[in-house]
Amino acid sequence: MDHWLTALKGSRVLVTGGAGLIGSALRRTLETAAASVTVLDNLSGYDRATLALLGVDDHDPSLKVGDICDEDLVRVLVDESDYVIHAAAYSTVAGCTRDPATAFHSNIAGTETVLRAVARSRHVRRFAFISSAQVYGHGTAGSDAVQVFSEDQPYSPLNLYAAAKAWGEWQTRFLLGSAQVDHVVLRPFSVYGEGQIPKPGAYSWVIAQFAMYATIGQRLPLNNGGRQVRDFLHVEDVATAICRALTADTASGKTINLGTGRVTPVRRVAELVRAHFPDAQFQDAPRPAQDPLGGCADIACMTEVLGWEPQITVENGIARYVEWLRAVPAAIPDWLRSERDRIASWNGAPVPRSAAEDR
Ligand SMILES: NC(=O)c1ccc[n+]([C@@H]2O[C@H](COP(=O)([O-])OP(=O)(O)OC[C@H]3O[C@@H](n4cnc5c(N)ncnc54)[C@H](O)[C@@H]3O)[C@@H](O)[C@H]2O)c1
């Protein structure tokens with residue numbers, strides 16, 4: 001049996017943000033390992049219908065509905081925990097830019113509250129801070145080159161969301177290093193998977209958006225011709241990686257990319273979605289300001305420290321997402337259904353199929 005499964009068996013794990021996409025996958029994975037999971041979440045991320053799709057039951061006694069800035073509540077929950085995974089965040093880049101007050105509250109003040117409680121606790125065996133690949137920004141080679149991001153390259157945050165993650169990483173090392181509490185910092189790349197519902201005004205969850213657009217007969221907008229590349233990691237793989245990082249001896253004190261090490265152009269995502277919706281059409285769209293060409297994770301540290309590689313390819317992950325969406329078409333939010341006019345207003349012409357694509 002894998003070490004992480006035995007290490008987590010019977011242990012008490014607190015997951016902040018456990019009602020979100022990654023948090024719900026974590027909860028399921030931890031339960032498979034027979035851990036006792038407590039979720040702290042203020043349920044601000046989604047409406048009731050989406051929470052139900054994520055498997056969140058607000059009558060479940062292991063769900064504590066509350067805010068990570070609530071010092072007393074956080075202290076009690078941390079004191080009852082062997083491990084803490086801090087995944088709560090105001091989690092969209094565009095949302096943080098539009099609403100900095102909420103970003104400061106959840107991503108800075110909330111992180112500080114959780115870290116202080118962990119620093120004081122006598123039971124926590126390891127704390128995992130869920131950071132983001134956004135801390136790399138355009139990377140070292142400029143915004144128009146495909147990058148391979150390695151953990152030792154300098155921070156280059158381009159927005160408040162990323163800057164708050166960079167701060168959270170430093171504060172984790174500083175506060176927990178001083179308090180001698182074991183910790184690990186994890187930088188997931190682009191996470192997707194069943195249950196992911198795009199948020200209004202966000203442009204980063206392209207697999208879910210494209211599958212939903214194709215379902216309702218909407219053209220798939222290819223920003224910048226779909227040339228941007230991303231490293232797509234299935235949410236089940238992220239959950240497994242986090243659990244391994246929580247328990248691997250060699251992960252102590254490390255900062256670790258969580259990715260596949262593979263770049264997938266957005267246009268390829270659109271083609272993979274179209275394989276399931278043969279009538280889907282593409283349309284050129286402008287590149288959002290500050291949107292980098294992108295890249296992938298250097299996964300040398302992840303594979304060595306965690307002794308593991310992601311199991312779900314983007315091809316299989318997209319097929320799974322489409323299958324899930326077909327089973328629950330009501331998951332498509334109303335705001336996304338009304339995107340037709342906005343997409344049509346972009347002057348990009350429909351993108352013709354190339355002969356190569358149709359093969
Ligand atoms: N999804 C991705 O592609 C991705 C990539 C890299 C990093 N991350 C990070 O992983 C973590 C989880 O991301 P996700 O995709 O599951 O996001 P999500 O929005 O689905 O989940 C975040 C959860 O945090 C909760 N939350 C927000 N503010 C809170 C507060 N003040 N108190 C209590 N709960 C609060 C929300 O209600 C939500 O359930 C976040 O820290 C995010 O920044 C996500």
# chains A, B, ... in the order shown; residues from 1 in each chain; ligands from 1

$ residues_near_ligand --ligand "ligand 1" --cutoff "8 Å" --atoms "only C-alpha atoms and all ligand atoms" --output "ChimeraX atom specification"
/A:16-24,40-46,65-69,86-92,102,105-107,110,130-134,161,165,187-192,196,204-205

$ write_last_selection --atoms "C-alpha atoms" --output "mmCIF file, in the first residue's frame"
data_model
loop_
_atom_site.group_PDB
_atom_site.id
_atom_site.type_symbol
_atom_site.label_atom_id
_atom_site.label_comp_id
_atom_site.auth_asym_id
_atom_site.auth_seq_id
_atom_site.Cartn_x
_atom_site.Cartn_y
_atom_site.Cartn_z
ATOM 1 C CA THR A 16 -9.799 25.206 4.469
ATOM 2 C CA GLY A 17 -11.751 25.943 1.290
ATOM 3 C CA GLY A 18 -12.878 22.333 1.324
ATOM 4 C CA ALA A 19 -16.195 23.174 -0.374
ATOM 5 C CA GLY A 20 -14.409 24.340 -3.545
ATOM 6 C CA LEU A 21 -13.254 22.425 -6.596
ATOM 7 C CA ILE A 22 -9.881 21.248 -5.258
ATOM 8 C CA GLY A 23 -11.139 21.048 -1.667
ATOM 9 C CA SER A 24 -13.974 18.672 -2.549
ATOM 10 C CA LEU A 40 -13.768 25.063 6.965
ATOM 11 C CA ASP A 41 -15.426 27.114 4.245
ATOM 12 C CA ASN A 42 -17.606 30.222 4.188
ATOM 13 C CA LEU A 43 -19.402 28.906 1.062
ATOM 14 C CA SER A 44 -18.685 32.171 -0.775
ATOM 15 C CA GLY A 45 -17.292 30.472 -3.859
ATOM 16 C CA TYR A 46 -20.464 29.039 -5.374
ATOM 17 C CA VAL A 65 -19.388 27.003 7.724
ATOM 18 C CA GLY A 66 -17.239 29.932 8.753
ATOM 19 C CA ASP A 67 -14.579 32.377 7.710
ATOM 20 C CA ILE A 68 -10.829 31.812 7.819
ATOM 21 C CA CYS A 69 -10.535 35.278 9.411
ATOM 22 C CA HIS A 86 -4.930 25.708 3.397
ATOM 23 C CA ALA A 87 -6.827 25.864 0.096
ATOM 24 C CA ALA A 88 -9.362 28.617 0.893
ATOM 25 C CA ALA A 89 -8.927 31.664 -1.285
ATOM 26 C CA TYR A 90 -10.737 34.196 -3.380
ATOM 27 C CA SER A 91 -9.551 32.083 -6.217
ATOM 28 C CA THR A 92 -9.963 33.928 -9.500
ATOM 29 C CA THR A 102 -12.233 40.574 -0.729
ATOM 30 C CA HIS A 105 -9.627 39.609 3.373
ATOM 31 C CA SER A 106 -9.488 36.004 2.145
ATOM 32 C CA ASN A 107 -6.036 35.689 0.616
ATOM 33 C CA GLY A 110 -7.332 34.840 6.226
ATOM 34 C CA ILE A 130 -1.857 25.827 -1.738
ATOM 35 C CA SER A 131 -0.151 28.523 -3.752
ATOM 36 C CA SER A 132 -0.324 28.827 -7.551
ATOM 37 C CA ALA A 133 1.817 28.818 -10.681
ATOM 38 C CA GLN A 134 0.611 32.410 -11.060
ATOM 39 C CA TYR A 161 -4.045 37.202 -6.800
ATOM 40 C CA LYS A 165 0.064 33.841 -3.206
ATOM 41 C CA ARG A 187 2.106 25.444 -6.775
ATOM 42 C CA PRO A 188 -0.634 23.844 -8.884
ATOM 43 C CA PHE A 189 -0.772 24.790 -12.574
ATOM 44 C CA SER A 190 -4.131 24.861 -14.464
ATOM 45 C CA VAL A 191 -6.531 22.621 -12.578
ATOM 46 C CA TYR A 192 -9.688 21.262 -14.219
ATOM 47 C CA GLN A 196 -15.613 22.713 -12.335
ATOM 48 C CA SER A 204 -8.986 30.937 -16.829
ATOM 49 C CA TRP A 205 -11.071 27.734 -16.745
#

$ residues_around --residues "A:Ser156" --least-positions-apart "5" --cutoff "9 Å" --atoms "only C-alpha atoms" --output "list of chain:residue names"
A:Gln134, A:Val135, A:Tyr136, A:Gly137, A:His138, A:Gly139, A:Thr140, A:Ala162, A:Ala163, A:Ala166

$ closest_residue --among "A:Leu336, A:Ala330, A:Ile108, A:Ala7" --to "A:Gly217" --atoms "only C-alpha atoms"
A:Leu336

$ residues_around --residues "A:Thr240" --least-positions-apart "5" --cutoff "9 Å" --atoms "only C-alpha atoms" --output "MDAnalysis selection string"
chainID A and resid 25:26 29:30 235 245 310

$ atom_distance --atom1 "atom CA of A:Arg287" --atom2 "atom CA of A:Arg268"
16.5 Å

$ atom_distance --atom1 "atom CA of A:Leu258" --atom2 "atom CA of A:His183"
15.9 Å

$ closest_residue --among "A:Gln209, A:Thr255, A:Thr247, A:Thr313" --to "A:Leu325" --atoms "only C-alpha atoms"
A:Gln209

$ residues_around --residues "A:Ala214" --least-positions-apart "4" --cutoff "8 Å" --atoms "only C-alpha atoms" --output "NGL selection string"
:A and (210 or 218-220 or 273-274 or 277 or 280)

$ select_by_dssp --residues "stretch 142-258 of chain A" --states "alpha helix (DSSP H)" --output "PyMOL selection string"
chain A and resi 160-171+177-179+206-215+235-247

$ residues_around --residues "A:Ser338" --least-positions-apart "6" --cutoff "12 Å" --atoms "only C-alpha atoms" --output "ChimeraX atom specification"
/A:200,212-213,216-218,332,344

$ select_by_dssp --residues "stretch 64-200 of chain A" --states "strand (DSSP E)" --output "PyMOL selection string"
chain A and resi 64-65+83-86+126-130+147-149+183-188+190-192

$ write_last_selection --atoms "C-alpha atoms" --output "PDB file, in the first residue's frame"
ATOM      1  CA  LYS A  64     -17.860  24.021   9.480  1.00  0.00           C
ATOM      2  CA  VAL A  65     -19.388  27.003   7.724  1.00  0.00           C
ATOM      3  CA  TYR A  83      -2.570  18.136   9.272  1.00  0.00           C
ATOM      4  CA  VAL A  84      -3.832  21.409   7.799  1.00  0.00           C
ATOM      5  CA  ILE A  85      -4.305  22.032   4.085  1.00  0.00           C
ATOM      6  CA  HIS A  86      -4.930  25.708   3.397  1.00  0.00           C
ATOM      7  CA  ARG A 126       2.494  19.392   8.603  1.00  0.00           C
ATOM      8  CA  PHE A 127       0.863  22.435   7.015  1.00  0.00           C
ATOM      9  CA  ALA A 128       0.349  22.610   3.231  1.00  0.00           C
ATOM     10  CA  PHE A 129      -0.083  26.013   1.616  1.00  0.00           C
ATOM     11  CA  ILE A 130      -1.857  25.827  -1.738  1.00  0.00           C
ATOM     12  CA  GLN A 147       8.252  28.646 -20.536  1.00  0.00           C
ATOM     13  CA  VAL A 148       9.254  25.753 -18.362  1.00  0.00           C
ATOM     14  CA  PHE A 149       8.781  27.079 -14.843  1.00  0.00           C
ATOM     15  CA  HIS A 183       5.283  22.842   6.141  1.00  0.00           C
ATOM     16  CA  VAL A 184       5.206  22.471   2.380  1.00  0.00           C
ATOM     17  CA  VAL A 185       4.308  24.981  -0.350  1.00  0.00           C
ATOM     18  CA  LEU A 186       2.534  23.657  -3.448  1.00  0.00           C
ATOM     19  CA  ARG A 187       2.106  25.444  -6.775  1.00  0.00           C
ATOM     20  CA  PRO A 188      -0.634  23.844  -8.884  1.00  0.00           C
ATOM     21  CA  SER A 190      -4.131  24.861 -14.464  1.00  0.00           C
ATOM     22  CA  VAL A 191      -6.531  22.621 -12.578  1.00  0.00           C
ATOM     23  CA  TYR A 192      -9.688  21.262 -14.219  1.00  0.00           C
TER      24      TYR A 192
END

$ closest_residue --among "A:Arg125, A:Ala35, A:Arg320, A:Thr215" --to "A:Arg337" --atoms "only C-alpha atoms"
A:Thr215

$ atom_distance --atom1 "atom CA of A:Asp58" --atom2 "atom CA of A:Arg27"
14.3 Å

$ closest_residue --among "A:Asp152, A:Glu309, A:Asp249, A:Asp182" --to "A:Leu233" --atoms "only C-alpha atoms"
A:Glu309

$ closest_residue --among "A:Gly195, A:Gly201, A:Pro333, A:Gly261" --to "A:Cys96" --atoms "only C-alpha atoms"
A:Gly201

$ residues_around --residues "A:Glu151" --least-positions-apart "3" --cutoff "8 Å" --atoms "only C-alpha atoms" --output "list in words"
Thr255, Ile256, Asn257 and Asp298 of chain A

$ residues_around --residues "A:Trp308" --least-positions-apart "5" --cutoff "8 Å" --atoms "only C-alpha atoms" --output "list in words"
Ala241, Met302 and Thr303 of chain A

$ closest_residue --among "A:His234, A:Lys199, A:His59, A:Arg98" --to "A:Asn316" --atoms "only C-alpha atoms"
A:His234
